[in-house]
Amino acid sequence: MADIIRIAVDGPSGAGKSTIAKKVARAVGAEYVDTGAMYRAVGYKMRKLGAAPEDTDRIEAILNDTEIDFRSGVIYLDGEDVSGLIRTPEISEAASVYSALPPVRRKLVEIQRQIGHRRSVVMDGRDIGTNVFPDAQYKFYLTADAEERARRRWKELKEKGQDVELSQILQDIHQRDYADTHRELNPLMQAEDAELVDSTSMTIDEVVKTLVDKIQGGVSGRV
């Protein structure tokens, strides 16, 4: 196996990519980078500052004055830990909107590539295997039925004390899926050489074992 490995975990919203990728990273000794959280952080900042998606000049100016970093699995936006502020339906929607903008994607893809060329990483997102690291040694496309993804997200938000309706979460999931797969720039899709993993009927540990076994066995990707 190469000294530096890149493991891409792509898939739709609510498929459990972040949870799975974190555990896989620990198991194989790589650093976990939650790229979806990076887009959420941008969505959070743009929404907070009231930057309209069509105001490209202002968005670019904001991005030039934006720092995003990961340390021990925690995302920092301009030096502030925003991990607990970006996991809401509103920020999820904002992330989908702003992630479709070329300036946003250029900025974050640049950061992601820099990180991935410095050290071994597990990155999860929408276009890691198709765009950010098309040469990643290991690629996985993690998915699950929309109803199961909505149920998981509803349970997660309820445990955090948020009053949400399952039907609304499911509607948000469908809207996010459509937006992610139909956006003009680097839409969500399974890379041709990615392993498809449907977690609908699998536990977290079962999914992690599936990925780790393939990585350690050199089954997936080009090593």
# chains A, B, ... in the order shown; residues from 1 in each chain; ligands from 1
call {"tool": "closest_atom_pairs", "arguments": {"of": "segment 102-163 of chain A", "to": "segment 206-220 of chain A", "cutoff": "10 Å", "atoms": "only C-alpha atoms", "output": "CSV"}}
result
residue,atom,partner,partner_atom,distance
A:Gln137,CA,A:Ser220,CA,7.5
A:Tyr138,CA,A:Ser220,CA,5.4
A:Lys139,CA,A:Ser220,CA,6.8
A:Phe140,CA,A:Leu211,CA,7.9
A:Leu142,CA,A:Val207,CA,9.0
call {"tool": "residues_around", "arguments": {"residues": "segment 71-88 of chain A", "least_positions_apart": "6", "cutoff": "12 Å", "atoms": "only C-alpha atoms", "output": "JSON, numbers by chain"}}
result
{"A": [13, 14, 18, 19, 21, 22, 23, 25, 26, 30, 31, 32, 33, 34, 35, 36, 37, 38, 39, 40, 41, 42, 43, 44, 45, 46, 47, 48, 62, 63, 64, 65, 94, 95, 115, 121, 122, 123, 153, 154, 156, 157, 158, 160, 161, 162, 163, 164, 169, 172]}
call {"tool": "write_last_selection", "arguments": {"atoms": "N, CA and C atoms", "output": "tab-separated table (two decimals), in the first residue's frame"}}
result
chain	number	residue	atom	x	y	z
A	13	SER	N	-27.38	12.44	1.13
A	13	SER	CA	-27.58	12.96	2.49
A	13	SER	C	-28.23	11.92	3.39
A	14	GLY	N	-27.72	11.80	4.60
A	14	GLY	CA	-28.32	10.91	5.59
A	14	GLY	C	-27.94	9.45	5.45
A	18	SER	N	-20.58	10.32	7.38
A	18	SER	CA	-19.67	10.90	8.38
A	18	SER	C	-19.34	9.91	9.48
A	19	THR	N	-20.37	9.27	10.03
A	19	THR	CA	-20.16	8.31	11.10
A	19	THR	C	-19.28	7.15	10.65
A	21	ALA	N	-17.22	7.06	7.96
A	21	ALA	CA	-15.88	7.50	7.57
A	21	ALA	C	-14.99	7.74	8.78
A	22	LYS	N	-15.55	8.29	9.85
A	22	LYS	CA	-14.77	8.52	11.07
A	22	LYS	C	-14.22	7.20	11.61
A	23	LYS	N	-15.08	6.20	11.69
A	23	LYS	CA	-14.67	4.92	12.24
A	23	LYS	C	-13.67	4.20	11.33
A	25	ALA	N	-11.57	5.68	9.32
A	25	ALA	CA	-10.30	6.41	9.44
A	25	ALA	C	-9.52	5.94	10.66
A	26	ARG	N	-10.21	5.79	11.78
A	26	ARG	CA	-9.54	5.31	12.99
A	26	ARG	C	-8.99	3.89	12.79
A	30	ALA	N	-5.88	6.62	9.25
A	30	ALA	CA	-5.89	7.80	8.39
A	30	ALA	C	-6.61	8.93	9.11
A	31	GLU	N	-6.52	10.13	8.54
A	31	GLU	CA	-7.22	11.28	9.13
A	31	GLU	C	-8.58	11.46	8.46
A	32	TYR	N	-9.59	11.67	9.28
A	32	TYR	CA	-10.94	11.86	8.74
A	32	TYR	C	-11.18	13.32	8.39
A	33	VAL	N	-11.67	13.57	7.17
A	33	VAL	CA	-12.01	14.93	6.73
A	33	VAL	C	-13.45	14.92	6.22
A	34	ASP	N	-14.32	15.59	6.95
A	34	ASP	CA	-15.74	15.66	6.60
A	34	ASP	C	-15.96	16.82	5.63
A	35	THR	N	-15.92	16.51	4.33
A	35	THR	CA	-16.06	17.58	3.34
A	35	THR	C	-17.47	18.15	3.32
A	36	GLY	N	-18.45	17.33	3.67
A	36	GLY	CA	-19.82	17.84	3.74
A	36	GLY	C	-19.94	18.92	4.79
A	37	ALA	N	-19.21	18.75	5.90
A	37	ALA	CA	-19.22	19.76	6.95
A	37	ALA	C	-18.58	21.06	6.47
A	38	MET	N	-17.62	20.94	5.55
A	38	MET	CA	-17.00	22.14	5.00
A	38	MET	C	-18.03	22.96	4.22
A	39	TYR	N	-18.85	22.28	3.43
A	39	TYR	CA	-19.88	22.99	2.66
A	39	TYR	C	-20.97	23.52	3.59
A	40	ARG	N	-21.25	22.78	4.65
A	40	ARG	CA	-22.22	23.26	5.63
A	40	ARG	C	-21.68	24.53	6.31
A	41	ALA	N	-20.39	24.54	6.59
A	41	ALA	CA	-19.78	25.70	7.23
A	41	ALA	C	-19.89	26.93	6.34
A	42	VAL	N	-19.65	26.72	5.04
A	42	VAL	CA	-19.79	27.83	4.09
A	42	VAL	C	-21.25	28.29	4.04
A	43	GLY	N	-22.18	27.32	3.98
A	43	GLY	CA	-23.60	27.67	3.96
A	43	GLY	C	-24.00	28.44	5.21
A	44	TYR	N	-23.47	28.01	6.34
A	44	TYR	CA	-23.74	28.68	7.61
A	44	TYR	C	-23.26	30.12	7.59
A	45	LYS	N	-22.03	30.32	7.10
A	45	LYS	CA	-21.46	31.67	7.09
A	45	LYS	C	-22.20	32.57	6.10
A	46	MET	N	-22.51	32.06	4.91
A	46	MET	CA	-23.21	32.86	3.91
A	46	MET	C	-24.60	33.24	4.39
A	47	ARG	N	-25.26	32.29	5.04
A	47	ARG	CA	-26.60	32.55	5.57
A	47	ARG	C	-26.54	33.57	6.69
A	48	LYS	N	-25.54	33.44	7.54
A	48	LYS	CA	-25.37	34.34	8.67
A	48	LYS	C	-25.09	35.76	8.20
A	62	ILE	N	-16.09	36.98	0.47
A	62	ILE	CA	-16.22	36.30	1.75
A	62	ILE	C	-15.32	35.06	1.79
A	63	LEU	N	-15.28	34.32	0.70
A	63	LEU	CA	-14.44	33.12	0.65
A	63	LEU	C	-12.97	33.46	0.80
A	64	ASN	N	-12.56	34.58	0.24
A	64	ASN	CA	-11.17	34.99	0.35
A	64	ASN	C	-10.78	35.30	1.79
A	65	ASP	N	-11.79	35.57	2.62
A	65	ASP	CA	-11.55	35.89	4.02
A	65	ASP	C	-12.09	34.78	4.93
A	94	ALA	N	-28.99	25.17	2.96
A	94	ALA	CA	-28.06	26.21	2.54
A	94	ALA	C	-26.80	25.59	1.92
A	95	ALA	N	-26.32	24.51	2.52
A	95	ALA	CA	-25.13	23.84	2.01
A	95	ALA	C	-25.36	23.34	0.58
A	115	ILE	N	-5.09	18.95	1.62
A	115	ILE	CA	-5.07	18.06	2.78
A	115	ILE	C	-4.74	16.63	2.36
A	121	VAL	N	-5.90	10.13	4.16
A	121	VAL	CA	-7.19	10.66	4.58
A	121	VAL	C	-8.34	9.75	4.17
A	122	VAL	N	-9.42	9.88	4.93
A	122	VAL	CA	-10.72	9.36	4.53
A	122	VAL	C	-11.60	10.59	4.38
A	123	MET	N	-12.10	10.82	3.18
A	123	MET	CA	-12.95	11.97	2.93
A	123	MET	C	-14.34	11.49	2.51
A	153	ARG	N	-31.98	10.46	10.46
A	153	ARG	CA	-31.78	11.88	10.70
A	153	ARG	C	-32.77	12.40	11.75
A	154	TRP	N	-34.02	11.92	11.68
A	154	TRP	CA	-35.05	12.33	12.65
A	154	TRP	C	-34.63	11.91	14.06
A	156	GLU	N	-31.62	11.32	15.15
A	156	GLU	CA	-30.45	12.11	15.54
A	156	GLU	C	-30.85	13.49	16.04
A	157	LEU	N	-31.75	14.14	15.34
A	157	LEU	CA	-32.17	15.50	15.72
A	157	LEU	C	-33.02	15.48	16.99
A	158	LYS	N	-33.85	14.45	17.14
A	158	LYS	CA	-34.67	14.32	18.35
A	158	LYS	C	-33.79	14.14	19.57
A	160	LYS	N	-31.00	15.35	19.99
A	160	LYS	CA	-30.37	16.64	20.27
A	160	LYS	C	-31.38	17.66	20.79
A	161	GLY	N	-32.62	17.19	20.98
A	161	GLY	CA	-33.64	18.06	21.54
A	161	GLY	C	-34.39	18.92	20.54
A	162	GLN	N	-34.20	18.65	19.25
A	162	GLN	CA	-34.88	19.44	18.23
A	162	GLN	C	-36.25	18.85	17.92
A	163	ASP	N	-37.25	19.72	17.84
A	163	ASP	CA	-38.62	19.30	17.58
A	163	ASP	C	-38.85	19.25	16.07
A	164	VAL	N	-38.75	18.08	15.48
A	164	VAL	CA	-38.87	17.93	14.04
A	164	VAL	C	-39.86	16.82	13.70
A	169	ILE	N	-38.60	15.77	7.47
A	169	ILE	CA	-37.23	15.30	7.24
A	169	ILE	C	-37.18	14.51	5.93
A	172	ASP	N	-37.30	16.84	3.07
A	172	ASP	CA	-36.00	17.49	2.92
A	172	ASP	C	-35.00	16.56	2.24
call {"tool": "atom_distance", "arguments": {"atom1": "atom CA of Phe70 of chain A", "atom2": "atom CA of Glu184 of chain A"}}
result
28.0 Å
call {"tool": "select_by_dssp", "arguments": {"residues": "segment 36-189 of chain A", "states": "alpha helix (DSSP H)", "output": "PyMOL selection string"}}
result
chain A and resi 36-49+56-64+89-99+102-118+146-159+166-182
call {"tool": "select_by_dssp", "arguments": {"residues": "segment 109-207 of chain A", "states": "strand (DSSP E)", "output": "JSON, numbers by chain"}}
result
{"A": [121, 122, 123, 124, 125, 138, 139, 140, 141, 142, 143, 195, 196, 197, 198]}
call {"tool": "closest_residue", "arguments": {"among": "A:Arg119, A:Arg113, A:Lys107, A:Arg149", "to": "Phe133 of chain A", "atoms": "only C-alpha atoms"}}
result
A:Arg113
call {"tool": "atom_distance", "arguments": {"atom1": "atom CA of Asp57 of chain A", "atom2": "atom CA of Pro187 of chain A"}}
result
23.4 Å
call {"tool": "atom_distance", "arguments": {"atom1": "atom CA of Ile173 of chain A", "atom2": "atom CA of Ala150 of chain A"}}
result
6.6 Å
call {"tool": "closest_residue", "arguments": {"among": "A:Arg183, A:Lys17, A:Arg152, A:Arg118", "to": "Ser99 of chain A", "atoms": "only C-alpha atoms"}}
result
A:Arg183
call {"tool": "residues_around", "arguments": {"residues": "Arg126 of chain A", "least_positions_apart": "3", "cutoff": "7 Å", "atoms": "only C-alpha atoms", "output": "list in words"}}
result
Asp10, Gly11, Pro12 and Leu188 of chain A
call {"tool": "write_last_selection", "arguments": {"atoms": "N, CA and C atoms", "output": "PDB file, in the first residue's frame"}}
result
ATOM      1  N   ASP A  10     -18.476   8.514  -0.891  1.00  0.00           N
ATOM      2  CA  ASP A  10     -19.519   9.390  -1.423  1.00  0.00           C
ATOM      3  C   ASP A  10     -20.897   8.794  -1.166  1.00  0.00           C
ATOM      4  N   GLY A  11     -21.917   9.627  -1.338  1.00  0.00           N
ATOM      5  CA  GLY A  11     -23.275   9.142  -1.178  1.00  0.00           C
ATOM      6  C   GLY A  11     -24.241  10.255  -0.838  1.00  0.00           C
ATOM      7  N   PRO A  12     -25.531   9.968  -0.842  1.00  0.00           N
ATOM      8  CA  PRO A  12     -26.555  10.977  -0.585  1.00  0.00           C
ATOM      9  C   PRO A  12     -26.638  11.386   0.882  1.00  0.00           C
ATOM     10  N   LEU A 188     -23.895  14.672  -7.704  1.00  0.00           N
ATOM     11  CA  LEU A 188     -23.719  13.424  -6.965  1.00  0.00           C
ATOM     12  C   LEU A 188     -23.955  12.245  -7.894  1.00  0.00           C
TER      13      LEU A 188
END
call {"tool": "closest_residue", "arguments": {"among": "A:Ile59, A:Asp205, A:Arg151, A:Asn131", "to": "Leu170 of chain A", "atoms": "only C-alpha atoms"}}
result
A:Arg151
call {"tool": "residues_around", "arguments": {"residues": "Leu185 of chain A", "least_positions_apart": "2", "cutoff": "9 Å", "atoms": "only C-alpha atoms", "output": "number ranges by chain"}}
result
A: 100-102, 105, 182-183, 187
call {"tool": "closest_residue", "arguments": {"among": "A:Gln114, A:Ser92, A:Thr56, A:Thr143", "to": "Val9 of chain A", "atoms": "only C-alpha atoms"}}
result
A:Thr143
call {"tool": "closest_residue", "arguments": {"among": "A:Val97, A:Leu108, A:Asp145, A:Glu60", "to": "Ile128 of chain A", "atoms": "only C-alpha atoms"}}
result
A:Leu108
